[in-house]
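Note sheet for the following structure.
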Amino acid sequence: MMKHLQKLGRSLMLPVAVLPAAGILMGIGYWIDPTGWGANSAIAALLIKSGSSIIDQLPIIFAVGIAYGLSKDKDGAASLSGLVAFLMVTTILAPSAVAMLTKVDLTEVPAAFGKINNAFIGILSGIVGAVMYNKFSQVKLPSALSFFSGKRAAPIMTAVAMLVISGGLLYVWPVIYDVLVAFGTTLSGLGAVGAGLFGFFNRLLIPTGLHHALNSVFWFDTIDINDIGMFWGTAEGAANAIKGVTGMYQAGFFPVMMFGLPGAALAMYNAAKPENKKVVGSLMLAAGFASFFTGITEPLEFAFMFAAPALYFAHAVLTGISLFIASTFQWTAGFTFSAGFVDFFLSSRLPMANKPLMLIVLGLAYFALYLVLFTFLIKKFDLKTPGREKLEDVEYTAADSDSKFASMASGILAGLGGKENVDTLDYCTTRLRLTLNDTSVVNENKIKSSGAVGVMNPGGKNVQVIVGTEVQFVADEMKKLI
């Protein structure tokens with residue numbers, strides 16, 4: 001199960017990576033016309049509507065992107081299957097269709113079906129499309145039906161599967177929807193405390209990939225909260241958004257990602273052994289800058305997530321506290337991708353932004369807090385954060401800039417037991433994801449000496465190597481070697 005959840009988390013990165021384009025377009029548009037939302041400027045209107053065209057269609061982007069990401073050979077036919085699945089379920093379970101299928105008046109159709117076009121259904125459609133593609137894309141039919149063989153069979157079988165699944169969802173979706181509404185309502189009813197709990201569990205669930213499910217409840221239009229869509233003015237009913245409240249499930253992440261985690265990076269650098277500081281410093285600088293500027297936190301979080309679980313738990317608690325504080329004082333800013341400087345800058349003039357500069361003040365305090373707390377915990381309990389390994393256990397090396405990726409790939413492959421030990425190789429935003437024939441031969445120190453941040457084993461024969469945002473180029477070099 002964990003293996004499949006990890007694959008889903010990886011595949012979500014492709015559609016999520018589209019969101020920064022929407023954020024930049026809309027952010028510039030709102031900077032041009034912060035009060036009229038495009039009413040006072042044709043250029044602003046063009047930019048805002050261009051960006052909203054992406055955010056408004058996020059469920060279908062999920063369906064297409066996840067189907068592609070989960071397909072065994074990354075073929076466009078898988079994306080078509082995901083699209084077919086999404087169109088099937090959202091058409092069959094639209095309120096008017098449900099009224100005909102159940103022989104009830106349209107006004108009596110459960111509210112759940114009015115929200116069938118949501119991120120959750122998009123994710124489900126992408127999974128179904130990928131499963132059908134992987135199963136039927138190589139099927140050979142008799143000569144008379146050969147036109148429908150292979151990849152052409154995948155979307156056809158997806159339609160058949162989704163017909164059955166839609167029939168089940170006719171009865172199951174209202175129950176799922178009610179549970180999500182009850183959960184979301186309970187947490188949102190707690191106000192600032194609920195926002196804090198969301199932030200805590202958002203970080204705590206990252207190693208499992210289940211934070212995506214939690215995010216879909218609060219950030220997207222699954223049960224009407226839709227904090228991102230409401231904040232950016234793209235959601236239905238956005239005109240009723242409340243300044244200082246809308247954005248409460250986003251704002252508290254800015255102090256953590258822009259300031260807190262870079263403070264943690266500095267603490268880990270200071271705690272490293274003198275002979276390791278040069279390489280650890282370059283790793284922490286790159287990871288800290290990525291966290292501050294873009295909100296991509298994986299290179300930093302995975303540097304201590306498994307090496308020092310107590311630190312990661314403290315990080316989750318501090319994230320929850322940050323969201324609680326920001327929500328309590330109604331300081332709000334928003335993001336379309338993550339809580340980095342780019343999104344902060346672009347969202348600071350949105351109509352729903354409220355005292356965003358106070359998040360910077362909180363962030364500066366968080367930088368100091370993370371620096372002091374992490375330094376204390378690392379030294380007090382002798383936690384083995386990067387650079388604190390025994391000298392004989394690790395030999396850091398630096399690669400020439402022209403051959404950095406090839407050198408990293410070669411070192412990582414050697415640490416994995418050689419190319420013969422690699423069964424499958426893929427990557428997500430910051431991690432190499434591999435299936436090995438034998439995990440017992442993995443040499444973590446050798447892998448780290450190549451410049452990787454860390455290694456984790458989610459279970460079974462699966463191994464993940466945390467590289468950073470340049471992971472694609474390392475993966476490309478490894479594929480050449482393999």
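Chain labels run A, B, ... following the order of the structure tokens; each chain numbers its residues from 1, and ligands are numbered from 1 in the order shown.
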With 10 Å as the cut-off and only C-alpha atoms counted, what is the closest atom pair between each nearby residue of segment 104-174 of chain A and segment 64-84 of chain A? Distances in Å to one decimal, ordered by chain and number, as a Markdown table.
```
| residue | atom | partner | partner_atom | distance |
| --- | --- | --- | --- | --- |
| A:Gly122 | CA | A:Val64 | CA | 8.2 |
| A:Ile123 | CA | A:Ile66 | CA | 6.7 |
| A:Leu124 | CA | A:Gly82 | CA | 9.0 |
| A:Ser125 | CA | A:Gly82 | CA | 5.5 |
| A:Gly126 | CA | A:Ala67 | CA | 4.2 |
| A:Ile127 | CA | A:Ala67 | CA | 5.8 |
| A:Val128 | CA | A:Gly82 | CA | 6.9 |
| A:Gly129 | CA | A:Gly82 | CA | 4.2 |
| A:Ala130 | CA | A:Ala67 | CA | 4.5 |
| A:Val131 | CA | A:Ser71 | CA | 7.5 |
| A:Met132 | CA | A:Ser81 | CA | 7.6 |
| A:Tyr133 | CA | A:Ala78 | CA | 5.5 |
| A:Asn134 | CA | A:Ser71 | CA | 6.1 |
| A:Lys135 | CA | A:Lys72 | CA | 9.7 |
| A:Ser137 | CA | A:Ala77 | CA | 8.6 |
| A:Lys151 | CA | A:Ala77 | CA | 6.3 |
| A:Arg152 | CA | A:Ala77 | CA | 7.6 |
| A:Ala153 | CA | A:Ser81 | CA | 9.5 |
| A:Ala154 | CA | A:Ser81 | CA | 6.3 |
| A:Pro155 | CA | A:Ser81 | CA | 4.3 |
| A:Ile156 | CA | A:Ser81 | CA | 7.9 |
| A:Met157 | CA | A:Ser81 | CA | 8.6 |
| A:Thr158 | CA | A:Ser81 | CA | 6.0 |
| A:Ala159 | CA | A:Val84 | CA | 6.4 |
| A:Met162 | CA | A:Val84 | CA | 8.6 |
```
Running DSSP on the backbone, which parts of segment 45-256 of chain A land in helix (DSSP H, G or I), as a ChimeraX atom specification?
/A:45-55,58-70,76-92,95-102,106-108,111-115,119-136,143-148,150-188,192-204,206-208,211-218,227-231,238-240,253-256
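The shell of residues at most 6 Å from segment 218-225 of chain A, with only C-alpha atoms counted and near chain neighbours (fewer than 2 positions) removed, consists of A:Asn118, A:Val181, A:Asn215, A:Ser216, A:Asp227, A:Ile228.
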Let me see the file: selected residues, N, CA and C atoms, as a compact mmCIF listing (two decimals), in the first residue's frame.
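Okay, result18.txt is ready:
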```txt
# COMPACT_ATOMS: atom_id res chain seq x y z
N ASN A 118 -14.36 17.72 -8.74
CA ASN A 118 -13.42 18.17 -7.71
C ASN A 118 -12.11 17.43 -7.81
N VAL A 181 -17.08 16.36 4.57
CA VAL A 181 -17.72 17.58 5.06
C VAL A 181 -17.68 17.63 6.59
N ASN A 215 -4.86 17.96 1.98
CA ASN A 215 -4.84 19.26 1.29
C ASN A 215 -6.07 19.44 0.41
N SER A 216 -6.51 18.36 -0.24
CA SER A 216 -7.65 18.48 -1.17
C SER A 216 -8.92 18.91 -0.45
N ASP A 227 -9.85 26.92 -0.13
CA ASP A 227 -9.14 28.09 0.38
C ASP A 227 -8.29 28.78 -0.70
N ILE A 228 -7.67 28.00 -1.58
CA ILE A 228 -6.85 28.60 -2.63
C ILE A 228 -7.71 29.31 -3.66
```
One decimal place gives the atom CA of Lys446 of chain A-atom CA of Ile412 of chain A separation as 7.2 Å
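Taking only C-alpha atoms, the non-local environment of Lys379 of chain A within 12 Å (same-chain residues fewer than 2 positions away omitted) comprises Ala267, Met268, Asn270, Ala271, Ala272, Lys273, Ala308, Leu311, Val372, Leu373, Phe374, Thr375, Phe376, Leu377, Phe381, Asp382, Leu383, Lys384, Thr385 and Arg388 of chain A.
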Using only C-alpha atoms, the best pick from A:Ile482, A:Ala119, A:Val317, A:Val179 as closest to Leu413 of chain A would be A:Ile482
Checklist entry - Quick one: residues within 9 Å of Val98 of chain A, only C-alpha atoms counted, chain neighbours fewer than 5 positions away excluded, as a PyMOL selection string? => result chain A and resi 92-93+103-104+106+109+113+170
- [ ] Name the residues in contact with Val89 of chain A at a cut-off of 9 Å, using only C-alpha atoms, excluding same-chain residues fewer than 6 positions from it; report them as a PyMOL selection string.
- [x] chain A and resi 116-117+121+125+162-163+165-166+169
As a ChimeraX atom specification, please: every residue in segment 246-475 of chain A that DSSP puts in strand (DSSP E). /A:422-427,431-436,454-459,462-466
Kindly export the residues of the current selection with C-alpha atoms, as a PDB file, in the first residue's frame.
```pdb
ATOM      1  CA  VAL A 422      18.415  -1.467 -10.171  1.00  0.00           C
ATOM      2  CA  ASP A 423      15.058  -2.840 -11.315  1.00  0.00           C
ATOM      3  CA  THR A 424      13.184   0.434 -11.967  1.00  0.00           C
ATOM      4  CA  LEU A 425      14.187   4.099 -11.857  1.00  0.00           C
ATOM      5  CA  ASP A 426      11.957   7.179 -11.750  1.00  0.00           C
ATOM      6  CA  TYR A 427      11.962  10.577 -10.058  1.00  0.00           C
ATOM      7  CA  ARG A 431      13.799  12.442  -5.195  1.00  0.00           C
ATOM      8  CA  LEU A 432      15.010   9.507  -7.211  1.00  0.00           C
ATOM      9  CA  ARG A 433      12.535   6.650  -6.770  1.00  0.00           C
ATOM     10  CA  LEU A 434      13.962   3.197  -7.340  1.00  0.00           C
ATOM     11  CA  THR A 435      13.034  -0.439  -7.006  1.00  0.00           C
ATOM     12  CA  LEU A 436      16.092  -2.569  -6.221  1.00  0.00           C
ATOM     13  CA  GLY A 454      19.689  11.451   2.136  1.00  0.00           C
ATOM     14  CA  VAL A 455      18.272   7.988   1.545  1.00  0.00           C
ATOM     15  CA  MET A 456      14.997   6.452   2.675  1.00  0.00           C
ATOM     16  CA  ASN A 457      13.342   3.059   2.369  1.00  0.00           C
ATOM     17  CA  PRO A 458       9.520   3.347   2.250  1.00  0.00           C
ATOM     18  CA  GLY A 459       9.203  -0.433   2.426  1.00  0.00           C
ATOM     19  CA  ASN A 462      11.733   0.539  -2.728  1.00  0.00           C
ATOM     20  CA  VAL A 463      14.475   3.089  -2.118  1.00  0.00           C
ATOM     21  CA  GLN A 464      14.354   6.850  -2.506  1.00  0.00           C
ATOM     22  CA  VAL A 465      17.401   9.092  -2.833  1.00  0.00           C
ATOM     23  CA  ILE A 466      16.802  12.755  -1.979  1.00  0.00           C
TER      24      ILE A 466
END
```
Which residues of segment 322-419 of chain A come within 9 Å of segment 230-253 of chain A, and for each one, what is the closest pair of atoms and their distance in Å to one decimal, counting only C-alpha atoms, sorted by chain and residue number, as a tab-separated table?
```
residue	atom	partner	partner_atom	distance
A:Ser322	CA	A:Gly252	CA	4.9
A:Leu323	CA	A:Gly252	CA	3.8
A:Phe324	CA	A:Gly252	CA	7.3
A:Ile325	CA	A:Gly252	CA	7.4
A:Ala326	CA	A:Gly252	CA	5.4
A:Ser327	CA	A:Met248	CA	5.3
A:Phe329	CA	A:Gly244	CA	8.2
A:Gln330	CA	A:Gly244	CA	4.5
A:Trp331	CA	A:Gly244	CA	6.1
A:Thr332	CA	A:Ala251	CA	4.9
A:Ala333	CA	A:Ala251	CA	5.0
A:Gly334	CA	A:Gln250	CA	5.7
A:Phe335	CA	A:Gln250	CA	7.0
A:Thr336	CA	A:Trp232	CA	8.5
A:Ser338	CA	A:Phe253	CA	8.4
A:Ala339	CA	A:Phe253	CA	5.8
A:Gly340	CA	A:Phe253	CA	8.7
A:Ser347	CA	A:Trp232	CA	8.1
A:Leu350	CA	A:Trp232	CA	7.2
A:Pro351	CA	A:Lys243	CA	7.7
A:Met352	CA	A:Lys243	CA	5.0
A:Ala353	CA	A:Lys243	CA	7.0
A:Asn354	CA	A:Gly244	CA	5.5
A:Lys355	CA	A:Gly244	CA	8.4
A:Pro356	CA	A:Ala251	CA	8.3
A:Leu359	CA	A:Gly252	CA	7.6
```
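Minimum atom-to-atom distance to Pro386 of chain A, evaluated using only C-alpha atoms, belongs to A:Asn276 out of A:Asn276, A:Asn443, A:Thr430, A:Thr319.
Once segment 49-52 of chain A and its same-chain neighbours fewer than 4 positions away are set aside, Ala21, Ala22, Gly23, Ile24, Leu25, Met26, Ala45, Asp56 and Thr234 of chain A remain within 8 Å of it when counting only C-alpha atoms.
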Here atom CA of Lys461 of chain A and atom CA of Lys448 of chain A stand apart by 19.4 Å
